[in-house]
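A.B. asks: Handing over run.cif, mmCIF, C-alpha atoms.
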data_query
#
loop_
_atom_site.group_PDB
_atom_site.id
_atom_site.type_symbol
_atom_site.label_atom_id
_atom_site.label_comp_id
_atom_site.auth_asym_id
_atom_site.auth_seq_id
_atom_site.Cartn_x
_atom_site.Cartn_y
_atom_site.Cartn_z
ATOM 1 C CA MET Z 811 0.000 0.000 0.000
ATOM 2 C CA GLU Z 812 1.369 3.362 -1.033
ATOM 3 C CA THR Z 813 2.519 5.556 1.816
ATOM 4 C CA ILE Z 814 1.036 9.075 1.799
ATOM 5 C CA HIS Z 815 3.413 11.715 3.127
ATOM 6 C CA LYS Z 816 1.640 14.648 4.704
ATOM 7 C CA ILE Z 817 3.313 17.975 4.048
ATOM 8 C CA ASP Z 818 3.221 20.642 6.733
ATOM 9 C CA VAL Z 819 2.662 23.770 4.640
ATOM 10 C CA GLU Z 820 3.185 26.100 7.606
ATOM 11 C CA GLU Z 821 6.617 24.612 8.264
ATOM 12 C CA LEU Z 822 7.499 24.885 4.584
ATOM 13 C CA LYS Z 823 6.517 28.547 4.626
ATOM 14 C CA LYS Z 824 8.728 29.207 7.666
ATOM 15 C CA SER Z 825 11.620 27.447 5.977
ATOM 16 C CA LEU Z 826 11.245 29.551 2.845
ATOM 17 C CA LEU Z 827 11.060 32.796 4.829
ATOM 18 C CA GLN Z 828 14.300 31.942 6.611
ATOM 19 C CA HIS Z 829 16.027 32.300 3.257
ATOM 20 C CA ARG Z 830 14.134 35.515 2.469
ATOM 21 C CA PRO Z 831 13.650 37.528 5.676
ATOM 22 C CA MET Z 832 10.635 39.817 5.757
ATOM 23 C CA LYS Z 833 11.542 43.502 5.585
ATOM 24 C CA VAL Z 834 11.036 45.415 8.834
ATOM 25 C CA ARG Z 835 8.497 48.174 8.237
ATOM 26 C CA PHE Z 836 8.795 51.527 9.964
ATOM 27 C CA LYS Z 837 6.461 52.286 12.855
ATOM 28 C CA MET Z 838 6.722 55.055 15.419
ATOM 29 C CA PRO Z 839 7.625 53.391 18.765
ATOM 30 C CA MET Z 840 4.895 55.034 20.828
ATOM 31 C CA PRO Z 841 1.142 54.920 21.467
ATOM 32 C CA GLU Z 842 -1.125 56.419 18.828
ATOM 33 C CA GLU Z 843 -2.111 59.373 21.034
ATOM 34 C CA ASP Z 844 1.559 60.272 21.553
ATOM 35 C CA ALA Z 845 2.196 60.104 17.820
ATOM 36 C CA TYR Z 846 -0.747 62.450 17.291
ATOM 37 C CA ALA Z 847 0.715 64.935 19.774
ATOM 38 C CA TRP Z 848 4.134 64.784 18.105
ATOM 39 C CA LEU Z 849 2.628 65.277 14.656
ATOM 40 C CA LEU Z 850 0.530 68.206 15.851
ATOM 41 C CA ALA Z 851 3.536 69.867 17.484
ATOM 42 C CA SER Z 852 5.662 69.332 14.368
ATOM 43 C CA ILE Z 853 3.134 70.891 12.009
ATOM 44 C CA MET Z 854 2.656 73.820 14.385
ATOM 45 C CA ALA Z 855 6.429 74.331 14.355
ATOM 46 C CA GLU Z 856 6.571 74.045 10.548
ATOM 47 C CA VAL Z 857 3.855 76.679 10.152
ATOM 48 C CA GLU Z 858 5.584 79.079 12.540
ATOM 49 C CA TYR Z 859 8.879 78.454 10.730
ATOM 50 C CA ARG Z 860 7.151 79.857 7.645
ATOM 51 C CA HIS Z 861 6.235 83.010 9.654
ATOM 52 C CA ARG Z 862 2.555 82.130 9.686
ATOM 53 C CA THR Z 863 0.055 81.746 12.498
ATOM 54 C CA PHE Z 864 -1.214 78.256 13.197
ATOM 55 C CA TYR Z 865 -4.966 77.585 13.256
ATOM 56 C CA SER Z 866 -6.362 74.110 13.893
ATOM 57 C CA ASN Z 867 -9.571 72.789 12.363
ATOM 58 C CA GLU Z 868 -11.531 69.542 12.120
ATOM 59 C CA HIS Z 869 -9.950 68.624 8.779
ATOM 60 C CA LEU Z 870 -6.424 68.886 10.164
ATOM 61 C CA GLU Z 871 -7.334 66.936 13.299
ATOM 62 C CA LYS Z 872 -8.801 64.123 11.165
ATOM 63 C CA GLN Z 873 -5.694 64.020 8.958
ATOM 64 C CA LEU Z 874 -3.392 63.875 11.984
ATOM 65 C CA HIS Z 875 -5.439 61.126 13.635
ATOM 66 C CA GLU Z 876 -5.365 59.031 10.444
ATOM 67 C CA MET Z 877 -1.614 59.505 10.076
ATOM 68 C CA ALA Z 878 -0.933 58.743 13.746
ATOM 69 C CA HIS Z 879 -3.003 55.565 13.518
ATOM 70 C CA TRP Z 880 -1.173 54.321 10.419
ATOM 71 C CA LEU Z 881 2.260 55.254 11.793
ATOM 72 C CA THR Z 882 1.740 53.218 14.966
ATOM 73 C CA SER Z 883 -0.452 50.285 13.873
ATOM 74 C CA PRO Z 884 0.176 47.124 11.830
ATOM 75 C CA SER Z 885 -0.719 47.632 8.170
ATOM 76 C CA SER Z 886 -0.192 45.972 4.808
ATOM 77 C CA HIS Z 887 0.668 49.402 3.395
ATOM 78 C CA PHE Z 888 4.284 50.557 3.539
ATOM 79 C CA GLY Z 889 3.718 54.186 2.586
ATOM 80 C CA MET Z 890 1.260 57.047 2.598
ATOM 81 C CA MET Z 891 -0.307 59.214 -0.072
ATOM 82 C CA LEU Z 892 -1.469 62.670 0.984
ATOM 83 C CA CYS Z 893 -3.948 63.626 -1.706
ATOM 84 C CA GLY Z 894 -6.253 66.572 -2.319
ATOM 85 C CA GLY Z 895 -6.498 69.982 -3.934
ATOM 86 C CA CYS Z 896 -3.906 72.743 -4.096
ATOM 87 C CA GLY Z 897 -2.700 74.578 -1.020
ATOM 88 C CA ASN Z 898 -4.398 72.494 1.663
ATOM 89 C CA GLY Z 899 -1.396 71.399 3.733
ATOM 90 C CA LYS Z 900 0.015 68.269 2.121
ATOM 91 C CA SER Z 901 3.570 69.473 1.551
ATOM 92 C CA THR Z 902 3.636 71.179 4.936
ATOM 93 C CA MET Z 903 2.632 67.896 6.555
ATOM 94 C CA LEU Z 904 5.399 66.032 4.711
ATOM 95 C CA LYS Z 905 8.041 68.564 5.768
ATOM 96 C CA ALA Z 906 6.752 68.501 9.347
ATOM 97 C CA PHE Z 907 7.096 64.699 9.404
ATOM 98 C CA GLN Z 908 10.674 65.033 8.147
ATOM 99 C CA GLN Z 909 11.543 67.434 10.973
ATOM 100 C CA LEU Z 910 9.820 65.150 13.468
ATOM 101 C CA LEU Z 911 11.972 62.185 12.440
ATOM 102 C CA ASN Z 912 15.076 64.356 12.721
ATOM 103 C CA SER Z 913 14.086 65.245 16.292
ATOM 104 C CA LEU Z 914 13.084 61.788 17.522
ATOM 105 C CA HIS Z 915 16.259 59.920 16.477
ATOM 106 C CA ILE Z 916 14.387 56.616 16.159
ATOM 107 C CA PRO Z 917 16.997 53.833 15.823
ATOM 108 C CA LYS Z 918 16.954 51.525 12.831
ATOM 109 C CA PRO Z 919 17.200 47.749 13.317
ATOM 110 C CA ASP Z 920 20.660 46.251 13.856
ATOM 111 C CA ASN Z 921 22.158 49.554 15.088
ATOM 112 C CA ASP Z 922 22.148 50.932 11.542
ATOM 113 C CA GLY Z 923 21.760 54.600 12.484
ATOM 114 C CA THR Z 924 18.474 56.446 12.904
ATOM 115 C CA TYR Z 925 15.486 56.921 10.637
ATOM 116 C CA GLY Z 926 15.273 59.976 8.389
ATOM 117 C CA ILE Z 927 13.350 60.796 5.233
ATOM 118 C CA GLN Z 928 14.639 62.461 2.084
ATOM 119 C CA ILE Z 929 12.130 64.705 0.275
ATOM 120 C CA VAL Z 930 12.325 65.444 -3.453
ATOM 121 C CA ASP Z 931 10.002 67.193 -5.873
ATOM 122 C CA ALA Z 932 8.616 64.918 -8.594
ATOM 123 C CA LYS Z 933 10.071 67.244 -11.242
ATOM 124 C CA TYR Z 934 13.505 66.859 -9.669
ATOM 125 C CA ILE Z 935 13.273 63.072 -10.017
ATOM 126 C CA ALA Z 936 12.881 63.525 -13.774
ATOM 127 C CA HIS Z 937 15.754 66.037 -13.777
ATOM 128 C CA LEU Z 938 18.061 63.602 -11.963
ATOM 129 C CA CYS Z 939 17.174 60.751 -14.290
ATOM 130 C CA LYS Z 940 18.246 62.821 -17.296
ATOM 131 C CA ASN Z 941 21.217 64.717 -15.843
ATOM 132 C CA ASN Z 942 22.692 62.551 -13.078
ATOM 133 C CA HIS Z 943 21.624 58.967 -13.550
ATOM 134 C CA GLU Z 944 23.892 57.636 -10.800
ATOM 135 C CA ALA Z 945 22.250 59.958 -8.238
ATOM 136 C CA TYR Z 946 18.851 58.908 -9.601
ATOM 137 C CA ARG Z 947 19.703 55.224 -9.125
ATOM 138 C CA LYS Z 948 20.716 55.886 -5.521
ATOM 139 C CA LEU Z 949 17.538 57.873 -4.873
ATOM 140 C CA ILE Z 950 15.385 54.970 -6.040
ATOM 141 C CA SER Z 951 16.590 52.774 -3.165
ATOM 142 C CA VAL Z 952 16.821 55.126 -0.170
ATOM 143 C CA ASP Z 953 15.139 53.695 2.937
ATOM 144 C CA MET Z 954 12.573 56.484 3.304
ATOM 145 C CA LEU Z 955 11.540 58.838 0.514
ATOM 146 C CA GLY Z 956 9.054 61.692 0.263
ATOM 147 C CA ILE Z 957 7.840 62.550 -3.255
ATOM 148 C CA ASP Z 958 6.250 65.993 -3.409
ATOM 149 C CA ASP Z 959 3.756 67.003 -6.126
ATOM 150 C CA LEU Z 960 3.437 63.670 -7.916
ATOM 151 C CA GLY Z 961 2.023 64.296 -11.380
ATOM 152 C CA THR Z 962 3.770 67.588 -12.131
ATOM 153 C CA GLU Z 963 6.797 65.899 -13.710
ATOM 154 C CA PRO Z 964 7.190 64.932 -17.383
ATOM 155 C CA SER Z 965 6.138 61.327 -17.935
ATOM 156 C CA GLU Z 966 9.169 60.610 -20.105
ATOM 157 C CA VAL Z 967 12.666 62.049 -20.517
ATOM 158 C CA MET Z 968 15.067 61.549 -23.385
ATOM 159 C CA ASP Z 969 18.791 61.005 -22.881
ATOM 160 C CA TYR Z 970 20.935 60.398 -25.965
ATOM 161 C CA GLY Z 971 18.050 58.707 -27.733
ATOM 162 C CA ASN Z 972 17.034 56.584 -24.750
ATOM 163 C CA VAL Z 973 13.526 57.049 -23.360
ATOM 164 C CA TYR Z 974 13.094 56.854 -19.578
ATOM 165 C CA THR Z 975 10.013 56.970 -17.373
ATOM 166 C CA PRO Z 976 11.643 58.273 -14.169
ATOM 167 C CA VAL Z 977 8.792 58.257 -11.662
ATOM 168 C CA ILE Z 978 7.207 55.063 -12.975
ATOM 169 C CA ASP Z 979 10.543 53.231 -12.731
ATOM 170 C CA LEU Z 980 11.195 54.644 -9.258
ATOM 171 C CA LEU Z 981 7.748 53.649 -7.951
ATOM 172 C CA THR Z 982 8.068 50.185 -9.485
ATOM 173 C CA LYS Z 983 11.395 49.581 -7.742
ATOM 174 C CA ARG Z 984 10.145 50.897 -4.410
ATOM 175 C CA TYR Z 985 7.068 48.679 -4.710
ATOM 176 C CA GLU Z 986 9.212 45.612 -5.350
ATOM 177 C CA GLU Z 987 11.536 46.409 -2.418
ATOM 178 C CA GLN Z 988 8.681 47.479 -0.088
ATOM 179 C CA LEU Z 989 10.433 50.765 0.696
ATOM 180 C CA PHE Z 990 8.766 53.412 2.879
ATOM 181 C CA THR Z 991 7.382 56.152 0.604
ATOM 182 C CA ILE Z 992 5.224 59.212 1.306
ATOM 183 C CA ILE Z 993 3.664 60.923 -1.700
ATOM 184 C CA THR Z 994 1.820 64.223 -2.021
ATOM 185 C CA THR Z 995 -0.343 64.821 -5.071
ATOM 186 C CA ASN Z 996 -3.166 66.976 -6.385
ATOM 187 C CA LEU Z 997 -4.252 64.163 -8.707
ATOM 188 C CA THR Z 998 -7.428 62.195 -8.103
ATOM 189 C CA PRO Z 999 -7.248 58.365 -8.118
ATOM 190 C CA GLN Z 1000 -8.670 58.296 -11.654
ATOM 191 C CA GLN Z 1001 -6.169 60.912 -12.830
ATOM 192 C CA ILE Z 1002 -3.337 58.814 -11.367
ATOM 193 C CA ARG Z 1003 -4.620 55.770 -13.267
ATOM 194 C CA ASP Z 1004 -4.942 57.785 -16.481
ATOM 195 C CA HIS Z 1005 -1.506 59.390 -16.076
ATOM 196 C CA TYR Z 1006 0.559 56.389 -14.943
ATOM 197 C CA GLY Z 1007 -1.490 53.445 -16.181
ATOM 198 C CA ASP Z 1008 -3.274 50.559 -14.480
ATOM 199 C CA ARG Z 1009 -0.055 48.801 -13.449
ATOM 200 C CA ILE Z 1010 1.278 51.663 -11.313
ATOM 201 C CA ALA Z 1011 -2.179 52.578 -10.019
ATOM 202 C CA ASP Z 1012 -2.711 49.022 -8.771
ATOM 203 C CA ARG Z 1013 0.718 48.956 -7.136
ATOM 204 C CA LEU Z 1014 0.037 52.266 -5.422
ATOM 205 C CA ASN Z 1015 -3.187 50.797 -4.044
ATOM 206 C CA GLU Z 1016 -1.087 48.123 -2.335
ATOM 207 C CA MET Z 1017 1.757 50.462 -1.358
ATOM 208 C CA VAL Z 1018 0.075 53.440 0.267
ATOM 209 C CA GLN Z 1019 -2.463 54.390 2.865
ATOM 210 C CA LYS Z 1020 -4.425 57.298 1.389
ATOM 211 C CA ILE Z 1021 -4.967 60.350 3.600
ATOM 212 C CA VAL Z 1022 -7.486 62.671 1.931
ATOM 213 C CA PHE Z 1023 -7.074 66.424 2.389
ATOM 214 C CA SER Z 1024 -10.604 67.568 1.586
ATOM 215 C CA ASN Z 1025 -10.284 71.072 3.048
ATOM 216 C CA GLY Z 1026 -9.800 74.173 0.911
ATOM 217 C CA THR Z 1027 -6.625 76.144 0.397
ATOM 218 C CA TYR Z 1028 -4.761 77.650 3.343
ATOM 219 C CA ARG Z 1029 -3.061 80.204 1.116
ATOM 220 C CA THR Z 1030 -5.024 83.140 2.478
ATOM 221 C CA ASP Z 1031 -4.306 85.930 4.917
ATOM 222 C CA LYS Z 1032 -6.356 84.271 7.675
ATOM 223 C CA LEU Z 1033 -5.207 80.651 7.626
ATOM 224 C CA ALA Z 1034 -1.776 79.228 8.056
ATOM 225 C CA THR Z 1035 -0.958 75.709 6.897
ATOM 226 C CA TYR Z 1036 -0.344 75.429 3.212
ATOM 227 C CA ASP Z 1037 1.694 73.578 0.621
#
Represent the structure from my file as structure tokens, please.

C.D. replies:
Amino acid sequence: METIHKIDVEELKKSLLQHRPMKVRFKMPMPEEDAYAWLLASIMAEVEYRHRTFYSNEHLEKQLHEMAHWLTSPSSHFGMMLCGGCGNGKSTMLKAFQQLLNSLHIPKPDNDGTYGIQIVDAKYIAHLCKNNHEAYRKLISVDMLGIDDLGTEPSEVMDYGNVYTPVIDLLTKRYEEQLFTIITTNLTPQQIRDHYGDRIADRLNEMVQKIVFSNGTYRTDKLATYD
């Protein structure tokens, strides 16, 4: 009689993962309410740095709560997309988060320094791809990257007859490597799909937690936080 060997799939999975360790994803090492307080303080500081007066509102509080929750809770997403109209605080929020990381000195795993995020304008990504490809290649793989104003860059650049798609290639690589990425954009989800295609749109759906900035512009004499 033929012997049937039962295979323990869970053990096989563990064995396979030993040869391909899961990437550690960034989380702020504090309770959600503390992360909210830190984020609020950092955006207040960023606004004052710009010689403006800070005013809170229900939209900002909701955005901060959503960010604090994602930054401290388990999630399948490994990045954020701050999306909405012009002038409603997305870039300010990104810069405030950068300053917050600089202040907290959160250690990376294996004593590999502390976390910090590099911020670049989407247009500058295209510029680097054309004019300094080595710097562009390094940018693609940085641990934490902020991309400001996604959608304002040229879709393609030419370099000695070669055609490159700088942001598409960068997002594809960061998706494959599961690298922490924060994006700001004025594009709607449909505009992103139309501009970058279904492939990138679907990958962004897996990559990022969307934080919607539904408030109007802050670029007035009475309100403070703005892009």

A.B. asks: Once the PyMOL selection byres ((chain Z and resi 909) around 12) has been evaluated on this model, what residues remain selected, and can you format them as a ChimeraX atom specification?

C.D. replies: /Z:848-849,851-856,859,902-908,910-915,925-929

A.B. asks: Nearest to Lys940 in chain Z among Z:Ser1024, Z:Gly971, Z:Gly956, Z:Gly961, with distances taken over only C-alpha atoms: which residue is it?

C.D. replies: Z:Gly971

A.B. asks: Take CA of Met891 in chain Z and CA of Thr995 in chain Z and report the distance between them in Å, one decimal.

C.D. replies: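 Calculated distance between CA of Met891 in chain Z and CA of Thr995 in chain Z is 7.5 Å.
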
A.B. asks: I'd like the interatomic distance between CA of Glu858 in chain Z and CA of Tyr1028 in chain Z, to a tenth of an Å.

C.D. replies: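 So the two atoms, CA of Glu858 in chain Z and CA of Tyr1028 in chain Z, lie 13.9 Å apart.
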
A.B. asks: Check the smallest atom-to-atom distance from each of Z:Cys939, Z:Ile916, Z:Leu881, Z:Ala1011 to Tyr985 in chain Z using all atoms listed in the file, then report the winner.

C.D. replies: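 Answer, going by the shortest atom-to-atom distance: Z:Ala1011.
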
A.B. asks: If the PyMOL selection byres ((chain Z and resi 934-936) around 10) were run on this exact file, what residues would it hold? Put them as a ChimeraX atom specification.

C.D. replies: /Z:930-933,937-943,945-946,949-950,957-958,963-967,974-977,980

A.B. asks: Between Z:Met954, Z:Asn898, Z:Cys893, Z:Val973, which has the minimum distance to Ile1002 in chain Z (counting all atoms listed in the file)?

C.D. replies: Z:Cys893

A.B. asks: Can you pull out the residues contacting Gln988 in chain Z? Cut-off 9 Å, using all atoms listed in the file, and skip same-chain residues under 3 positions away; I want them as a list in words.

C.D. replies: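 The residues satisfying every condition are Lys833, Arg835, His887, Phe888, Gly889, Lys983, Arg984, Tyr985, Thr991 and Met1017 of chain Z.
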
A.B. asks: Please measure the separation of CA of Ile1010 in chain Z and CA of Asp959 in chain Z, giving the value in Å to one decimal.

C.D. replies: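 That distance, rounded to one decimal, is 16.4 Å.
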
A.B. asks: Of the candidates Z:Glu843, Z:Asp818, Z:Glu1016, Z:Glu876, which one gets nearest to Glu986 in chain Z if we count all atoms listed in the file?

C.D. replies: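 Smallest separation from Glu986 in chain Z among the options: Z:Glu1016.
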
A.B. asks: Report as an mmCIF file with C-alpha atoms, keeping the file's coordinate frame all protein, DNA and RNA residues lying within 8 Å of range 862-875 of chain Z, evaluated on only C-alpha atoms, omitting residues in the same chain fewer than 3 positions from it.

C.D. replies:
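Below is the file that was written, selection.cif:
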data_model
loop_
_atom_site.group_PDB
_atom_site.id
_atom_site.type_symbol
_atom_site.label_atom_id
_atom_site.label_comp_id
_atom_site.auth_asym_id
_atom_site.auth_seq_id
_atom_site.Cartn_x
_atom_site.Cartn_y
_atom_site.Cartn_z
ATOM 1 C CA TYR Z 846 -0.747 62.450 17.291
ATOM 2 C CA LEU Z 849 2.628 65.277 14.656
ATOM 3 C CA LEU Z 850 0.530 68.206 15.851
ATOM 4 C CA MET Z 854 2.656 73.820 14.385
ATOM 5 C CA VAL Z 857 3.855 76.679 10.152
ATOM 6 C CA GLU Z 858 5.584 79.079 12.540
ATOM 7 C CA TYR Z 859 8.879 78.454 10.730
ATOM 8 C CA ALA Z 878 -0.933 58.743 13.746
ATOM 9 C CA HIS Z 879 -3.003 55.565 13.518
ATOM 10 C CA ILE Z 1021 -4.967 60.350 3.600
ATOM 11 C CA VAL Z 1022 -7.486 62.671 1.931
ATOM 12 C CA PHE Z 1023 -7.074 66.424 2.389
ATOM 13 C CA SER Z 1024 -10.604 67.568 1.586
ATOM 14 C CA ASN Z 1025 -10.284 71.072 3.048
ATOM 15 C CA LEU Z 1033 -5.207 80.651 7.626
ATOM 16 C CA ALA Z 1034 -1.776 79.228 8.056
ATOM 17 C CA THR Z 1035 -0.958 75.709 6.897
#

A.B. asks: Restricting the calculation to all atoms listed in the file, which member of Z:Asn972, Z:Ala845, Z:Glu987, Z:Arg1013 is positioned closest to Met832 in chain Z?

C.D. replies: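 Smallest separation from Met832 in chain Z among the options: Z:Glu987.
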
A.B. asks: Written as a short mmCIF file (atom, residue, chain, number, x, y, z; two decimals) with C-alpha atoms, in the coordinates of the input, which residues does the PyMOL selection byres ((chain Z and resi 997) around 10) give for the file shown?

C.D. replies:
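Final output, saved to selection_36.cif:
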data_model
loop_
_atom_site.label_atom_id
_atom_site.label_comp_id
_atom_site.auth_asym_id
_atom_site.auth_seq_id
_atom_site.Cartn_x
_atom_site.Cartn_y
_atom_site.Cartn_z
CA CYS Z 893 -3.95 63.63 -1.71
CA GLY Z 894 -6.25 66.57 -2.32
CA GLY Z 895 -6.50 69.98 -3.93
CA CYS Z 896 -3.91 72.74 -4.10
CA ASP Z 959 3.76 67.00 -6.13
CA LEU Z 960 3.44 63.67 -7.92
CA GLY Z 961 2.02 64.30 -11.38
CA THR Z 962 3.77 67.59 -12.13
CA THR Z 994 1.82 64.22 -2.02
CA THR Z 995 -0.34 64.82 -5.07
CA ASN Z 996 -3.17 66.98 -6.38
CA THR Z 998 -7.43 62.20 -8.10
CA PRO Z 999 -7.25 58.36 -8.12
CA GLN Z 1000 -8.67 58.30 -11.65
CA GLN Z 1001 -6.17 60.91 -12.83
CA ILE Z 1002 -3.34 58.81 -11.37
CA ARG Z 1003 -4.62 55.77 -13.27
CA HIS Z 1005 -1.51 59.39 -16.08
#

A.B. asks: Starting from 5 Å padding per side, set up an axis-aligned box that covers all listed atoms of range 858-869 of chain Z and hand over centre and edge lengths in Å, one decimal, as AutoDock Vina command-line options.

C.D. replies:
--center_x -1.3 --center_y 75.8 --center_z 10.8 --size_x 30.4 --size_y 24.4 --size_z 16.2

A.B. asks: Which residue, Z:Pro831, Z:Pro839, Z:Pro884, Z:Pro919, has the smallest gap to Gln1019 in chain Z when you use all atoms listed in the file?

C.D. replies: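 Ranking Z:Pro831, Z:Pro839, Z:Pro884, Z:Pro919 by distance to Gln1019 in chain Z, first place goes to Z:Pro884.
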